[in-house]
Amino acid sequence: MSDSQLADWRAQALQLEKHVNEVVVGQARAIRLITTAIFARGHVLLEGDVGVGKTTLLRAFTRGIGGGYQRIEGTIDLMPNDLVYHTYLGDDGRPHVSPGPLLSHGTNLSVFFFNEINRARPQVHSLLLRVMAERTLSAFNREHHFPHMLVFADRNQVEKEETFEIPSAARDRFMMEIPITIPADTDIMEALIFETRFHDVDALVDNVPPDILQFDGLNQIASLIQSSVQASPALRRYTLDLWLATRDPVAYGLTIPGVDIKRLVVAGASPRGIAMMMRAARVNAWLNDRESVLPEDIHAVFHETVAHRLVFNPIYEMRRTEIARTLLSQAIRTISAT
């Protein structure tokens, strides 16, 4: 029964990817990574400029997996309570309270998108991180549960005034940071400009068949994937070497031109981060119909699960994206998988 379940769910996952790729074109790698995060049950940071389709992408996925979708905008005056409830004056002239975005779908909330999270204050981050970790929230004198919720968040990377960057300990709560970039294919770029079907987001998202997956079955199948996909002793040693290289790149002979490698890394990937990387690698193996993790499964998720966890010397933080990619790519090229 387990093998049959895994095969059925894999077919559904690939069907979901197919439909989302038809709606959000030119983002095949990001779509595969989001699919991986969904089945690894990990929260995601999205990296990308304004207007590259992040909201459309998440709405398309939510339509395909079912459950509730909520989005909130980060603003300087946003307070923690704004995630929990709304207050308003009713027709009777009296104050009323209604559920906020976290509570409006109850236990059926499956995707929560926090847009421009770094515009919100640290107090808001604190509440969100607690809900992400515990999937519970105390409000209105009772405990609310979000067993199926995944949090997606992106950051305003252009404007720095009135922003509150997410500290490294908070970034570590996210399984992945996935780049959503403008497609390089000029035919796709032209289509996005001139084909009117891409201009009506609601109609575009409606092209994804609803409930391809059963959102309330994802936790169970995710556990089955993790217990079914194996890692050999050699693969375990390779993973350990990659982890240690993020913590002490000098010991593994890694170098970056123009960077004092001895002063670069303040903190490497955390144990939680590497465990999340392996969860994602197992899902990647499963999506490719393999029963064991191969090095290529790790490579498929390595940068997205590890780069945002590295803490660099402040003098290199402005070049974080470039340096992290170079460092991790060199680790993959340098460290033997045998």
# chains A, B, ... in the order shown; residues from 1 in each chain; ligands from 1
>>> residues_around(residues="Val293 of chain A", least_positions_apart="3", cutoff="9 Å", atoms="only C-alpha atoms", output="PyMOL selection string")
chain A and resi 229-232+235+278+281-286+290+296-298
>>> select_by_dssp(residues="segment 71-252 of chain A", states="helix (DSSP H, G or I)", output="ChimeraX atom specification")
/A:80-83,106-108,117-119,122-134,168-171,186-194,196-198,201-205,215-228,233-247,249-252
>>> closest_residue(among="A:Leu264, A:Leu109, A:Ala133, A:Ile31", to="Phe146 of chain A", atoms="only C-alpha atoms")
A:Leu109
>>> closest_residue(among="A:Thr239, A:Gln12, A:Gln220, A:Asn313", to="Lys262 of chain A", atoms="only C-alpha atoms")
A:Asn313
>>> closest_residue(among="A:Thr255, A:Ser227, A:Thr305, A:Asn141", to="Ile323 of chain A", atoms="only C-alpha atoms")
A:Thr255
>>> residues_around(residues="Gly67 of chain A", least_positions_apart="3", cutoff="12 Å", atoms="only C-alpha atoms", output="ChimeraX atom specification")
/A:59,61-64,70,104-112,146-150,210-218
>>> select_by_dssp(residues="segment 15-235 of chain A", states="strand (DSSP E)", output="short mmCIF file (atom, residue, chain, number, x, y, z; two decimals) with C-alpha atoms, in the first residue's frame")
data_model
loop_
_atom_site.label_atom_id
_atom_site.label_comp_id
_atom_site.auth_asym_id
_atom_site.auth_seq_id
_atom_site.Cartn_x
_atom_site.Cartn_y
_atom_site.Cartn_z
CA VAL A 44 9.90 29.27 2.20
CA LEU A 45 11.47 32.67 1.64
CA LEU A 46 10.98 33.97 -1.90
CA GLU A 47 13.71 36.12 -3.40
CA GLY A 68 -7.22 28.25 2.33
CA TYR A 69 -4.91 30.99 1.04
CA GLN A 70 -4.17 34.21 2.89
CA ARG A 71 -1.84 37.10 2.12
CA ILE A 72 -0.77 40.03 4.27
CA GLU A 73 1.34 43.06 3.40
CA TYR A 85 -8.07 39.74 14.36
CA HIS A 86 -9.69 42.83 12.81
CA THR A 87 -11.66 45.43 14.76
CA TYR A 88 -14.34 47.57 13.14
CA LEU A 89 -17.44 49.59 13.88
CA PRO A 95 -17.06 47.86 17.99
CA HIS A 96 -16.83 44.33 16.60
CA VAL A 97 -14.04 41.82 16.20
CA SER A 98 -13.58 39.41 13.29
CA PRO A 99 -10.89 36.78 12.61
CA LEU A 109 -5.30 27.25 6.09
CA SER A 110 -2.73 25.77 3.71
CA VAL A 111 -0.73 28.75 2.35
CA PHE A 112 0.02 32.00 4.19
CA PHE A 113 1.95 34.60 2.17
CA PHE A 114 3.67 37.46 4.01
CA ASN A 115 4.58 40.01 1.37
CA THR A 136 -0.66 26.89 17.02
CA LEU A 137 -1.86 30.25 18.29
CA SER A 138 -3.72 31.29 21.44
CA ALA A 139 -6.51 33.78 20.72
CA ARG A 142 -8.72 29.10 23.01
CA GLU A 143 -5.94 27.38 21.11
CA HIS A 144 -6.05 27.53 17.31
CA HIS A 145 -4.21 24.92 15.22
CA LEU A 150 3.06 26.57 5.05
CA VAL A 151 4.37 30.12 5.29
CA PHE A 152 5.86 31.89 2.29
CA ALA A 153 7.48 35.29 2.71
CA ASP A 154 9.41 37.70 0.55
CA MET A 176 14.44 27.33 1.59
CA GLU A 177 15.05 30.68 -0.01
CA ILE A 178 13.93 30.34 -3.64
CA PRO A 179 14.83 32.92 -6.31
#
>>> residues_around(residues="Glu162 of chain A", least_positions_apart="2", cutoff="10 Å", atoms="only C-alpha atoms", output="PyMOL selection string")
chain A and resi 75-76+118-121+159-160+164-165
>>> residues_around(residues="Ile180 of chain A", least_positions_apart="2", cutoff="8 Å", atoms="only C-alpha atoms", output="MDAnalysis selection string")
chainID A and resid 27 30 46:49 52:54 178 182
>>> write_last_selection(atoms="all heavy atoms", output="PDB file, in the first residue's frame")
ATOM      1  N   GLN A  27       9.426  29.565 -15.101  1.00  0.00           N
ATOM      2  CA  GLN A  27       9.831  29.405 -13.693  1.00  0.00           C
ATOM      3  C   GLN A  27       9.885  27.931 -13.302  1.00  0.00           C
ATOM      4  O   GLN A  27       9.574  27.572 -12.166  1.00  0.00           O
ATOM      5  CB  GLN A  27       8.832  30.148 -12.782  1.00  0.00           C
ATOM      6  CG  GLN A  27       8.714  31.629 -13.041  1.00  0.00           C
ATOM      7  CD  GLN A  27       9.975  32.399 -12.642  1.00  0.00           C
ATOM      8  OE1 GLN A  27      10.879  31.854 -12.030  1.00  0.00           O
ATOM      9  NE2 GLN A  27      10.028  33.670 -13.003  1.00  0.00           N
ATOM     10  N   ALA A  30      11.954  27.114 -10.082  1.00  0.00           N
ATOM     11  CA  ALA A  30      11.293  27.600  -8.866  1.00  0.00           C
ATOM     12  C   ALA A  30      10.072  26.752  -8.548  1.00  0.00           C
ATOM     13  O   ALA A  30       9.801  26.438  -7.380  1.00  0.00           O
ATOM     14  CB  ALA A  30      10.900  29.066  -9.033  1.00  0.00           C
ATOM     15  N   LEU A  46      10.905  33.749  -0.467  1.00  0.00           N
ATOM     16  CA  LEU A  46      10.981  33.966  -1.903  1.00  0.00           C
ATOM     17  C   LEU A  46      11.855  35.185  -2.163  1.00  0.00           C
ATOM     18  O   LEU A  46      11.672  36.232  -1.542  1.00  0.00           O
ATOM     19  CB  LEU A  46       9.592  34.180  -2.498  1.00  0.00           C
ATOM     20  CG  LEU A  46       8.616  33.005  -2.356  1.00  0.00           C
ATOM     21  CD1 LEU A  46       7.239  33.401  -2.869  1.00  0.00           C
ATOM     22  CD2 LEU A  46       9.121  31.782  -3.093  1.00  0.00           C
ATOM     23  N   GLU A  47      12.789  35.043  -3.073  1.00  0.00           N
ATOM     24  CA  GLU A  47      13.712  36.122  -3.401  1.00  0.00           C
ATOM     25  C   GLU A  47      13.426  36.595  -4.818  1.00  0.00           C
ATOM     26  O   GLU A  47      13.428  35.796  -5.756  1.00  0.00           O
ATOM     27  CB  GLU A  47      15.163  35.621  -3.307  1.00  0.00           C
ATOM     28  CG  GLU A  47      16.200  36.660  -3.693  1.00  0.00           C
ATOM     29  CD  GLU A  47      17.589  36.073  -3.791  1.00  0.00           C
ATOM     30  OE1 GLU A  47      17.715  34.833  -3.842  1.00  0.00           O
ATOM     31  OE2 GLU A  47      18.550  36.861  -3.849  1.00  0.00           O
ATOM     32  N   GLY A  48      13.150  37.877  -4.981  1.00  0.00           N
ATOM     33  CA  GLY A  48      12.875  38.379  -6.324  1.00  0.00           C
ATOM     34  C   GLY A  48      12.341  39.789  -6.299  1.00  0.00           C
ATOM     35  O   GLY A  48      11.833  40.267  -5.283  1.00  0.00           O
ATOM     36  N   ASP A  49      12.442  40.463  -7.436  1.00  0.00           N
ATOM     37  CA  ASP A  49      11.969  41.835  -7.541  1.00  0.00           C
ATOM     38  C   ASP A  49      10.442  41.882  -7.555  1.00  0.00           C
ATOM     39  O   ASP A  49       9.768  40.852  -7.631  1.00  0.00           O
ATOM     40  CB  ASP A  49      12.518  42.487  -8.816  1.00  0.00           C
ATOM     41  CG  ASP A  49      14.029  42.654  -8.769  1.00  0.00           C
ATOM     42  OD1 ASP A  49      14.571  42.788  -7.652  1.00  0.00           O
ATOM     43  OD2 ASP A  49      14.662  42.634  -9.845  1.00  0.00           O
ATOM     44  N   VAL A  52       7.356  39.903 -10.435  1.00  0.00           N
ATOM     45  CA  VAL A  52       7.861  38.728 -11.156  1.00  0.00           C
ATOM     46  C   VAL A  52       6.922  37.528 -11.046  1.00  0.00           C
ATOM     47  O   VAL A  52       7.233  36.457 -11.548  1.00  0.00           O
ATOM     48  CB  VAL A  52       9.283  38.343 -10.675  1.00  0.00           C
ATOM     49  CG1 VAL A  52      10.280  39.414 -11.047  1.00  0.00           C
ATOM     50  CG2 VAL A  52       9.303  38.081  -9.167  1.00  0.00           C
ATOM     51  N   GLY A  53       5.794  37.695 -10.359  1.00  0.00           N
ATOM     52  CA  GLY A  53       4.784  36.637 -10.353  1.00  0.00           C
ATOM     53  C   GLY A  53       4.728  35.794  -9.094  1.00  0.00           C
ATOM     54  O   GLY A  53       4.162  34.694  -9.114  1.00  0.00           O
ATOM     55  N   LYS A  54       5.275  36.286  -7.989  1.00  0.00           N
ATOM     56  CA  LYS A  54       5.295  35.477  -6.756  1.00  0.00           C
ATOM     57  C   LYS A  54       3.885  35.192  -6.254  1.00  0.00           C
ATOM     58  O   LYS A  54       3.566  34.054  -5.880  1.00  0.00           O
ATOM     59  CB  LYS A  54       6.127  36.198  -5.679  1.00  0.00           C
ATOM     60  CG  LYS A  54       7.599  36.338  -6.026  1.00  0.00           C
ATOM     61  CD  LYS A  54       8.401  36.919  -4.876  1.00  0.00           C
ATOM     62  CE  LYS A  54       8.107  38.370  -4.607  1.00  0.00           C
ATOM     63  NZ  LYS A  54       8.590  39.264  -5.687  1.00  0.00           N
ATOM     64  N   ILE A 178      14.041  30.688  -2.224  1.00  0.00           N
ATOM     65  CA  ILE A 178      13.933  30.342  -3.639  1.00  0.00           C
ATOM     66  C   ILE A 178      13.923  31.618  -4.480  1.00  0.00           C
ATOM     67  O   ILE A 178      13.085  32.493  -4.256  1.00  0.00           O
ATOM     68  CB  ILE A 178      12.656  29.534  -3.901  1.00  0.00           C
ATOM     69  CG1 ILE A 178      12.675  28.223  -3.091  1.00  0.00           C
ATOM     70  CG2 ILE A 178      12.485  29.247  -5.384  1.00  0.00           C
ATOM     71  CD1 ILE A 178      11.387  27.424  -3.182  1.00  0.00           C
ATOM     72  N   ILE A 182      13.210  37.129 -13.467  1.00  0.00           N
ATOM     73  CA  ILE A 182      12.619  37.377 -14.783  1.00  0.00           C
ATOM     74  C   ILE A 182      13.167  36.346 -15.759  1.00  0.00           C
ATOM     75  O   ILE A 182      14.379  36.125 -15.824  1.00  0.00           O
ATOM     76  CB  ILE A 182      12.966  38.799 -15.265  1.00  0.00           C
ATOM     77  CG1 ILE A 182      12.361  39.839 -14.312  1.00  0.00           C
ATOM     78  CG2 ILE A 182      12.458  39.027 -16.690  1.00  0.00           C
ATOM     79  CD1 ILE A 182      12.790  41.252 -14.606  1.00  0.00           C
TER      80      ILE A 182
END
>>> atom_distance(atom1="atom CA of Tyr252 of chain A", atom2="atom CA of Ser329 of chain A")
13.1 Å
>>> residues_around(residues="Val23 of chain A", least_positions_apart="2", cutoff="9 Å", atoms="only C-alpha atoms", output="PyMOL selection string")
chain A and resi 19-21+25+56-57+60+198+204-205+207-208
>>> residues_around(residues="Val265 of chain A", least_positions_apart="6", cutoff="7 Å", atoms="only C-alpha atoms", output="number ranges by chain")
A: 247, 311-313
>>> write_last_selection(atoms="C-alpha atoms", output="PDB file, in the first residue's frame")
ATOM      1  CA  ARG A 247      31.433  25.920   8.820  1.00  0.00           C
ATOM      2  CA  VAL A 311      26.349  34.203   8.508  1.00  0.00           C
ATOM      3  CA  PHE A 312      29.148  36.220   6.946  1.00  0.00           C
ATOM      4  CA  ASN A 313      31.502  38.821   8.297  1.00  0.00           C
TER       5      ASN A 313
END
>>> closest_residue(among="A:Ala300, A:Met189, A:Ala169, A:Leu103", to="Asp82 of chain A", atoms="only C-alpha atoms")
A:Leu103
>>> atom_distance(atom1="atom CA of Gly26 of chain A", atom2="atom CA of Arg320 of chain A")
25.2 Å
